[in-house]
Structure formats: C-alpha cells, structure tokens
>>> print(open('structure-v3.cif').read())   # mmCIF, C-alpha atoms
data_model
loop_
_atom_site.group_PDB
_atom_site.id
_atom_site.type_symbol
_atom_site.label_atom_id
_atom_site.label_comp_id
_atom_site.auth_asym_id
_atom_site.auth_seq_id
_atom_site.Cartn_x
_atom_site.Cartn_y
_atom_site.Cartn_z
ATOM 1 C CA MET Y 1 11.786 -85.617 -17.308
ATOM 2 C CA LYS Y 2 14.749 -83.823 -18.883
ATOM 3 C CA LYS Y 3 12.494 -80.961 -19.916
ATOM 4 C CA ILE Y 4 11.192 -80.568 -16.361
ATOM 5 C CA ILE Y 5 14.673 -80.590 -14.860
ATOM 6 C CA THR Y 6 15.901 -78.102 -17.480
ATOM 7 C CA ALA Y 7 12.994 -75.759 -16.757
ATOM 8 C CA ILE Y 8 13.657 -75.883 -13.006
ATOM 9 C CA CYS Y 9 17.370 -75.226 -13.496
ATOM 10 C CA CYS Y 10 16.639 -72.241 -15.731
ATOM 11 C CA SER Y 11 14.230 -70.846 -13.153
ATOM 12 C CA ALA Y 12 16.825 -71.206 -10.399
ATOM 13 C CA MET Y 13 19.464 -69.463 -12.525
ATOM 14 C CA MET Y 14 17.094 -66.614 -13.331
ATOM 15 C CA LEU Y 15 16.234 -66.226 -9.647
ATOM 16 C CA GLY Y 16 19.921 -66.115 -8.691
ATOM 17 C CA THR Y 17 20.657 -63.520 -11.380
ATOM 18 C CA ALA Y 18 17.763 -61.341 -10.276
ATOM 19 C CA LEU Y 19 18.838 -61.478 -6.644
ATOM 20 C CA THR Y 20 22.447 -60.661 -7.533
ATOM 21 C CA ALA Y 21 21.335 -57.663 -9.584
ATOM 22 C CA HIS Y 22 19.172 -56.434 -6.711
ATOM 23 C CA ALA Y 23 22.090 -56.720 -4.273
ATOM 24 C CA ALA Y 24 24.236 -54.618 -6.610
ATOM 25 C CA GLU Y 25 21.732 -51.763 -6.764
ATOM 26 C CA THR Y 26 22.866 -50.088 -3.540
ATOM 27 C CA LEU Y 27 26.353 -48.612 -3.225
ATOM 28 C CA ASP Y 28 28.270 -49.267 -0.034
ATOM 29 C CA ARG Y 29 27.351 -46.732 2.659
ATOM 30 C CA ASP Y 30 30.923 -45.854 3.671
ATOM 31 C CA TYR Y 31 31.948 -45.490 0.033
ATOM 32 C CA ILE Y 32 29.129 -42.996 -0.557
ATOM 33 C CA GLU Y 33 30.102 -41.018 2.524
ATOM 34 C CA SER Y 34 33.794 -40.829 1.630
ATOM 35 C CA GLU Y 35 33.094 -39.768 -1.956
ATOM 36 C CA ILE Y 36 30.659 -37.005 -0.988
ATOM 37 C CA TRP Y 37 32.974 -35.815 1.784
ATOM 38 C CA GLU Y 38 35.923 -35.653 -0.597
ATOM 39 C CA ASP Y 39 33.988 -33.239 -2.803
ATOM 40 C CA MET Y 40 32.587 -31.266 0.103
ATOM 41 C CA TRP Y 41 35.510 -30.622 2.411
ATOM 42 C CA HIS Y 42 38.292 -28.214 1.405
ATOM 43 C CA GLY Y 43 39.126 -26.811 4.829
ATOM 44 C CA LYS Y 44 42.246 -26.912 6.945
ATOM 45 C CA GLY Y 45 43.247 -30.277 8.313
ATOM 46 C CA ASP Y 46 43.253 -31.146 12.009
ATOM 47 C CA ASP Y 47 42.787 -34.229 14.140
ATOM 48 C CA GLY Y 48 39.164 -33.374 14.927
ATOM 49 C CA THR Y 49 39.756 -32.450 18.567
ATOM 50 C CA THR Y 50 40.976 -28.884 18.126
ATOM 51 C CA PHE Y 51 38.526 -27.336 15.674
ATOM 52 C CA PRO Y 52 34.814 -28.261 15.524
ATOM 53 C CA GLU Y 53 34.085 -27.233 11.940
ATOM 54 C CA GLY Y 54 35.142 -30.355 10.052
ATOM 55 C CA SER Y 55 33.652 -32.673 12.664
ATOM 56 C CA TYR Y 56 30.333 -30.827 12.607
ATOM 57 C CA LYS Y 57 30.006 -30.802 8.834
ATOM 58 C CA HIS Y 58 30.925 -34.478 8.652
ATOM 59 C CA HIS Y 59 28.285 -35.064 11.337
ATOM 60 C CA LEU Y 60 25.657 -33.461 9.082
ATOM 61 C CA LEU Y 61 26.638 -35.718 6.175
ATOM 62 C CA ASP Y 62 26.734 -38.796 8.379
ATOM 63 C CA GLN Y 63 23.262 -38.114 9.699
ATOM 64 C CA TRP Y 64 21.800 -37.466 6.240
ATOM 65 C CA ILE Y 65 23.075 -40.823 4.990
ATOM 66 C CA ASP Y 66 21.850 -42.668 8.098
ATOM 67 C CA ASP Y 67 18.392 -41.112 7.762
ATOM 68 C CA ASN Y 68 18.013 -41.908 4.066
ATOM 69 C CA TYR Y 69 20.227 -44.872 3.191
ATOM 70 C CA SER Y 70 18.469 -47.389 0.904
ATOM 71 C CA SER Y 71 15.239 -45.366 0.911
ATOM 72 C CA ASP Y 72 13.273 -45.033 -2.324
ATOM 73 C CA GLU Y 73 13.683 -41.253 -2.248
ATOM 74 C CA TYR Y 74 17.166 -41.424 -3.816
ATOM 75 C CA ASP Y 75 18.900 -43.673 -6.337
ATOM 76 C CA TRP Y 76 21.564 -45.347 -4.195
ATOM 77 C CA MET Y 77 23.453 -46.806 -7.141
ATOM 78 C CA GLU Y 78 24.107 -43.417 -8.772
ATOM 79 C CA LEU Y 79 26.908 -41.580 -6.978
ATOM 80 C CA GLY Y 80 26.573 -38.443 -9.092
ATOM 81 C CA GLU Y 81 22.911 -38.093 -8.179
ATOM 82 C CA LEU Y 82 23.651 -38.652 -4.487
ATOM 83 C CA LYS Y 83 26.288 -35.900 -4.551
ATOM 84 C CA TYR Y 84 23.820 -33.540 -6.166
ATOM 85 C CA GLU Y 85 21.034 -34.417 -3.723
ATOM 86 C CA TYR Y 86 23.250 -33.904 -0.686
ATOM 87 C CA LYS Y 87 24.499 -30.578 -2.021
ATOM 88 C CA ARG Y 88 20.909 -29.416 -2.450
ATOM 89 C CA TYR Y 89 19.985 -30.648 1.033
ATOM 90 C CA TYR Y 90 23.025 -28.991 2.621
ATOM 91 C CA GLN Y 91 22.429 -25.646 0.941
ATOM 92 C CA ASP Y 92 18.820 -25.734 2.061
ATOM 93 C CA VAL Y 93 19.524 -26.436 5.739
ATOM 94 C CA ILE Y 94 22.297 -23.850 6.051
ATOM 95 C CA GLU Y 95 20.553 -21.088 4.152
ATOM 96 C CA ASP Y 96 20.170 -18.608 7.034
ATOM 97 C CA TRP Y 97 23.236 -19.563 9.054
ATOM 98 C CA ASP Y 98 26.502 -17.670 9.521
ATOM 99 C CA PHE Y 99 29.880 -19.064 10.549
ATOM 100 C CA ASN Y 100 31.874 -16.697 12.699
ATOM 101 C CA ASP Y 101 35.152 -16.465 14.539
ATOM 102 C CA ASP Y 102 35.336 -14.168 17.554
ATOM 103 C CA ASN Y 103 39.062 -13.510 16.973
ATOM 104 C CA ASN Y 104 39.785 -15.509 20.132
ATOM 105 C CA GLY Y 105 39.700 -18.846 18.351
ATOM 106 C CA ASN Y 106 36.066 -19.677 19.106
ATOM 107 C CA TRP Y 107 34.097 -20.865 16.078
ATOM 108 C CA THR Y 108 30.374 -20.105 16.382
ATOM 109 C CA ILE Y 109 27.192 -20.260 14.333
ATOM 110 C CA ASP Y 110 24.659 -17.442 14.352
ATOM 111 C CA THR Y 111 21.064 -17.852 13.225
ATOM 112 C CA PRO Y 112 18.123 -15.436 13.285
ATOM 113 C CA GLU Y 113 17.023 -17.063 16.549
ATOM 114 C CA HIS Y 114 20.137 -18.349 18.307
ATOM 115 C CA SER Y 115 23.890 -18.348 18.600
ATOM 116 C CA TYR Y 116 25.706 -21.658 18.966
ATOM 117 C CA SER Y 117 29.173 -22.509 20.234
ATOM 118 C CA PHE Y 118 31.183 -25.730 20.513
ATOM 119 C CA THR Y 119 33.136 -27.314 23.353
ATOM 120 C CA TYR Y 120 35.211 -30.491 23.178
ATOM 121 C CA TRP Y 121 34.314 -32.530 26.251
ATOM 122 C CA GLN Y 122 34.734 -36.228 27.102
ATOM 123 C CA ASN Y 123 35.742 -37.201 23.556
ATOM 124 C CA GLN Y 124 32.704 -35.485 22.056
ATOM 125 C CA TRP Y 125 31.953 -32.101 20.576
ATOM 126 C CA ILE Y 126 29.118 -30.467 22.487
ATOM 127 C CA MET Y 127 27.024 -27.840 20.722
ATOM 128 C CA THR Y 128 25.325 -25.348 23.039
ATOM 129 C CA ASP Y 129 23.060 -22.364 22.519
ATOM 130 C CA GLU Y 130 23.440 -18.879 23.969
ATOM 131 C CA ASN Y 131 21.830 -20.050 27.224
ATOM 132 C CA GLY Y 132 24.258 -22.917 27.709
ATOM 133 C CA ASN Y 133 21.748 -25.614 26.736
ATOM 134 C CA THR Y 134 23.124 -28.614 24.858
ATOM 135 C CA VAL Y 135 21.421 -28.987 21.500
ATOM 136 C CA ASP Y 136 23.644 -31.535 19.777
ATOM 137 C CA SER Y 137 26.747 -33.685 20.262
ATOM 138 C CA PHE Y 138 28.943 -35.601 17.833
ATOM 139 C CA PRO Y 139 32.311 -37.386 17.740
ATOM 140 C CA PRO Y 140 35.493 -35.754 16.456
ATOM 141 C CA PHE Y 141 36.397 -36.415 12.846
ATOM 142 C CA SER Y 142 39.985 -36.056 11.638
ATOM 143 C CA THR Y 143 40.552 -34.279 8.342
ATOM 144 C CA LEU Y 144 44.305 -34.896 8.391
ATOM 145 C CA GLU Y 145 44.175 -37.899 6.077
ATOM 146 C CA GLU Y 146 42.723 -35.824 3.270
ATOM 147 C CA ASP Y 147 45.413 -33.156 3.707
ATOM 148 C CA GLU Y 148 48.474 -35.276 4.493
ATOM 149 C CA ASP Y 149 49.857 -35.022 0.947
ATOM 150 C CA ASN Y 150 49.199 -31.302 0.699
ATOM 151 C CA THR Y 151 51.477 -28.913 2.543
ATOM 152 C CA ASP Y 152 49.250 -25.914 1.838
ATOM 153 C CA SER Y 153 46.018 -25.553 3.799
ATOM 154 C CA TYR Y 154 42.877 -24.566 1.994
ATOM 155 C CA GLU Y 155 40.538 -21.870 3.140
ATOM 156 C CA ILE Y 156 36.835 -22.202 2.625
ATOM 157 C CA HIS Y 157 34.374 -19.351 2.540
ATOM 158 C CA ASP Y 158 30.929 -19.571 4.058
ATOM 159 C CA GLU Y 159 28.853 -16.473 3.483
ATOM 160 C CA GLY Y 160 25.797 -16.977 5.620
ATOM 161 C CA GLU Y 161 24.033 -19.243 3.168
ATOM 162 C CA ASP Y 162 26.715 -21.882 3.769
ATOM 163 C CA SER Y 163 26.277 -22.248 7.516
ATOM 164 C CA PRO Y 164 25.024 -25.435 9.195
ATOM 165 C CA ARG Y 165 21.885 -25.692 11.272
ATOM 166 C CA VAL Y 166 21.269 -27.400 14.595
ATOM 167 C CA ILE Y 167 20.191 -31.008 14.535
ATOM 168 C CA GLY Y 168 17.682 -31.787 17.281
ATOM 169 C CA LYS Y 169 15.733 -29.689 19.721
ATOM 170 C CA VAL Y 170 16.998 -27.478 22.491
ATOM 171 C CA SER Y 171 16.712 -29.286 25.787
ATOM 172 C CA GLY Y 172 16.274 -26.868 28.651
ATOM 173 C CA GLY Y 173 18.291 -27.465 31.785
ATOM 174 C CA ALA Y 174 20.773 -29.687 30.006
ATOM 175 C CA GLU Y 175 24.082 -30.353 31.695
ATOM 176 C CA LYS Y 176 26.716 -27.765 30.820
ATOM 177 C CA PRO Y 177 30.074 -29.152 29.712
ATOM 178 C CA SER Y 178 33.266 -28.036 31.353
ATOM 179 C CA ASP Y 179 35.607 -25.679 29.515
ATOM 180 C CA GLY Y 180 37.279 -27.436 26.605
ATOM 181 C CA THR Y 181 39.765 -26.470 23.957
ATOM 182 C CA ASP Y 182 37.508 -24.193 21.930
ATOM 183 C CA THR Y 183 40.319 -22.825 19.807
ATOM 184 C CA THR Y 184 40.027 -22.597 16.032
ATOM 185 C CA GLU Y 185 41.857 -20.772 13.361
ATOM 186 C CA ASP Y 186 40.169 -17.938 11.535
ATOM 187 C CA THR Y 187 38.372 -19.879 8.873
ATOM 188 C CA ASP Y 188 35.712 -18.892 6.388
ATOM 189 C CA THR Y 189 34.041 -21.822 4.673
ATOM 190 C CA THR Y 190 32.696 -22.555 1.212
ATOM 191 C CA GLU Y 191 31.004 -25.778 0.251
ATOM 192 C CA SER Y 192 31.210 -27.056 -3.271
ATOM 193 C CA LEU Y 193 29.988 -30.431 -4.353
ATOM 194 C CA SER Y 194 30.364 -31.575 -7.927
ATOM 195 C CA SER Y 195 27.372 -33.277 -9.504
ATOM 196 C CA ASP Y 196 29.411 -35.727 -11.563
ATOM 197 C CA THR Y 197 27.738 -38.818 -12.844
ATOM 198 C CA GLU Y 198 30.195 -41.322 -11.390
ATOM 199 C CA GLY Y 199 28.452 -44.302 -9.818
ATOM 200 C CA ASN Y 200 29.946 -47.756 -9.461
ATOM 201 C CA SER Y 201 28.664 -50.421 -7.162
ATOM 202 C CA VAL Y 202 31.201 -51.765 -4.663
ATOM 203 C CA GLN Y 203 29.039 -54.376 -3.085
ATOM 204 C CA THR Y 204 29.809 -57.976 -3.982
ATOM 205 C CA GLY Y 205 28.843 -61.426 -2.799
ATOM 206 C CA ALA Y 206 25.648 -63.446 -2.762
ATOM 207 C CA SER Y 207 22.851 -62.532 -0.422
ATOM 208 C CA PRO Y 208 21.296 -65.079 1.958
ATOM 209 C CA LEU Y 209 18.067 -64.824 -0.065
ATOM 210 C CA MET Y 210 19.860 -65.820 -3.272
ATOM 211 C CA ILE Y 211 21.547 -68.785 -1.583
ATOM 212 C CA GLY Y 212 18.205 -69.876 -0.163
ATOM 213 C CA GLY Y 213 16.616 -69.672 -3.643
ATOM 214 C CA VAL Y 214 19.302 -71.828 -5.226
ATOM 215 C CA ILE Y 215 19.100 -74.418 -2.437
ATOM 216 C CA GLY Y 216 15.326 -74.492 -2.859
ATOM 217 C CA ALA Y 217 15.661 -75.076 -6.608
ATOM 218 C CA VAL Y 218 18.074 -77.972 -6.029
ATOM 219 C CA ALA Y 219 15.648 -79.510 -3.551
ATOM 220 C CA ILE Y 220 12.818 -79.267 -6.117
ATOM 221 C CA ILE Y 221 14.972 -80.945 -8.781
ATOM 222 C CA GLY Y 222 15.789 -83.788 -6.403
ATOM 223 C CA GLY Y 223 12.148 -84.206 -5.496
ATOM 224 C CA VAL Y 224 11.007 -84.342 -9.117
ATOM 225 C CA GLY Y 225 13.726 -86.882 -9.979
ATOM 226 C CA PHE Y 226 12.722 -89.079 -7.063
ATOM 227 C CA TYR Y 227 9.048 -88.893 -8.050
ATOM 228 C CA MET Y 228 9.689 -89.785 -11.700
ATOM 229 C CA THR Y 229 12.029 -92.678 -10.742
ATOM 230 C CA ARG Y 230 9.449 -94.086 -8.357
ATOM 231 C CA LYS Y 231 6.717 -93.725 -10.962
ATOM 232 C CA ARG Y 232 8.719 -95.644 -13.568
ATOM 233 C CA GLY Y 233 9.456 -98.390 -11.024
ATOM 234 C CA LYS Y 234 5.745 -98.995 -10.618
#
>>> encode(input="structure-v3.cif", output="structure tokens")
Amino acid sequence: MKKIITAICCSAMMLGTALTAHAAETLDRDYIESEIWEDMWHGKGDDGTTFPEGSYKHHLLDQWIDDNYSSDEYDWMELGELKYEYKRYYQDVIEDWDFNDDNNGNWTIDTPEHSYSFTYWQNQWIMTDENGNTVDSFPPFSTLEEDEDNTDSYEIHDEGEDSPRVIGKVSGGAEKPSDGTDTTEDTDTTESLSSDTEGNSVQTGASPLMIGGVIGAVAIIGGVGFYMTRKRGK
C-alpha cells in the first residue's frame, strides 16, 4: 500500500514540475514588447499625438507580437532571439520605403507605388494614401517616458531601407479624416536592434492545468487508500 501511494505521489509531483516548466517557457508579452522597443527606438520624445513616427513604429512591433505570440515559429523564452527576429522582420518590410519631411512638418512615407501621410483624428492616427483612402489606423504611443531622464533628443536616420510599410489593404472610398495636427519635426530615422542573448522568464504562478493535475492525484490516492482499507476489512 505504501509503495502504491508513494508511486502516485511521485507521479503527481512530476506532473506538477512538468506543467510549471511549460508555463515558464513563454516570456510575458508586454515584457517582450518593452525590451524590443527599448532597443529599437532612439527618436525624439513626444506624447504620441503630435508626431506619428513613434506611434507608427510601435504599431508595427505591436502587430508583429500579436500575430506571432506563442507560435512555434519563434522561441518565446529567448529574448535575444526575439530581438534578432524582429530586427530581421522589420528590415525586410521596410526595405523599399522612404521617410520624408516636406519641410512643413508633415511626415510621409514614399514607396514605389504610393505615398502615405498621417493625420491625428478622434484619438487615432489615420494613415492615408495619395488618393485620400484610409489604409491603416493605430492609437498614439507616447515616447516621453523613455526620454524623460535625457535632456538631449536623439535623431534617427532612415535611408529608404529603414522605412515602414502599410499594414492592410487600401480600401477605396474610405471616409477621409478631418484636418489634424500633422506637424512633425525634421527627423531622419535609423533602427538598430541589438541581438543580445538576454532572456529571462517573468511569468510565475501555477496554471489551472497543474492545479487540476495535483487535485486529480490526491483524489487517486484517497481512492486507493479507501479500496485497500475496505479490502482488509473483508
């Protein structure tokens, strides 16, 4: 009887350990985003409602993580690898894009096929093509927190190959936003992401599956004890 109970307890402990290890495999989503963004963004700080650049580039990162988080394509417990993979993805999607400033404060993106501009409207940045069609929209993202301890603004340099692409398809006849505050400082951008090997899991706590496994093991132990007691009584 003792051997049976010991075997069941060992099995339950092994199950709990395996489930805990599995839960620790994936880094926290927001942690991944903040770490990649810290390496990526070296531009001038603003509250996200004046200049579209930081908000748009954060939008690209946000969407990449949402589309791929926990997928088998990437190792989500290795931060260094994730930084490298996003850098490669970003450089690929912006390869033929140019960031421009028209000297009137309007930040635009030119591609071989289109020219895109940005308007802040109803608490969203609206991205439109040369025909006024809305092709993308995204919330403002403040970069002030990253720059609050630095009195000197950084300039980034994007030379065509470092320009973002449009996410989504052009929708003809889309509603045109009203004039917003499309003013930006003359900014060239450069993206640099380090491929360091840092990667520490920040997820803690037992998963519901682990708790269920332990409860199940306890129930089995109780059942075996009851059966053996009843058998001896006979």
>>> closest_residue(input="structure-v3.cif", among="Y:Thr108, Y:Thr49, Y:Ser55, Y:Gln63", to="Y:Glu33", atoms="all atoms listed in the file")
Y:Gln63
>>> closest_residue(input="structure-v3.cif", among="Y:Asp62, Y:Asp30, Y:Glu38, Y:Glu53", to="Y:Asn106", atoms="only C-alpha atoms")
Y:Glu53
>>> atom_distance(input="structure-v3.cif", atom1="atom CA of Y:Arg29", atom2="atom CA of Y:Asp66")
8.7 Å
>>> closest_residue(input="structure-v3.cif", among="Y:Tyr56, Y:Ile36, Y:Asp46, Y:Glu95", to="Y:Ser117", atoms="all atoms listed in the file")
Y:Tyr56
>>> closest_residue(input="structure-v3.cif", among="Y:Asp72, Y:Asp110, Y:Asp96, Y:Asp39", to="Y:His58", atoms="only C-alpha atoms")
Y:Asp39
>>> atom_distance(input="structure-v3.cif", atom1="atom CA of Y:Gly132", atom2="atom CA of Y:Phe51")
19.2 Å
>>> residues_around(input="structure-v3.cif", residues="Y:Glu130", least_positions_apart="3", cutoff="8 Å", atoms="only C-alpha atoms", output="JSON, numbers by chain")
{"Y": [114, 115, 116, 117, 133]}
>>> closest_residue(input="structure-v3.cif", among="Y:Thr26, Y:Ser70, Y:Tyr84, Y:Pro52", to="Y:Asp101", atoms="all atoms listed in the file")
Y:Pro52
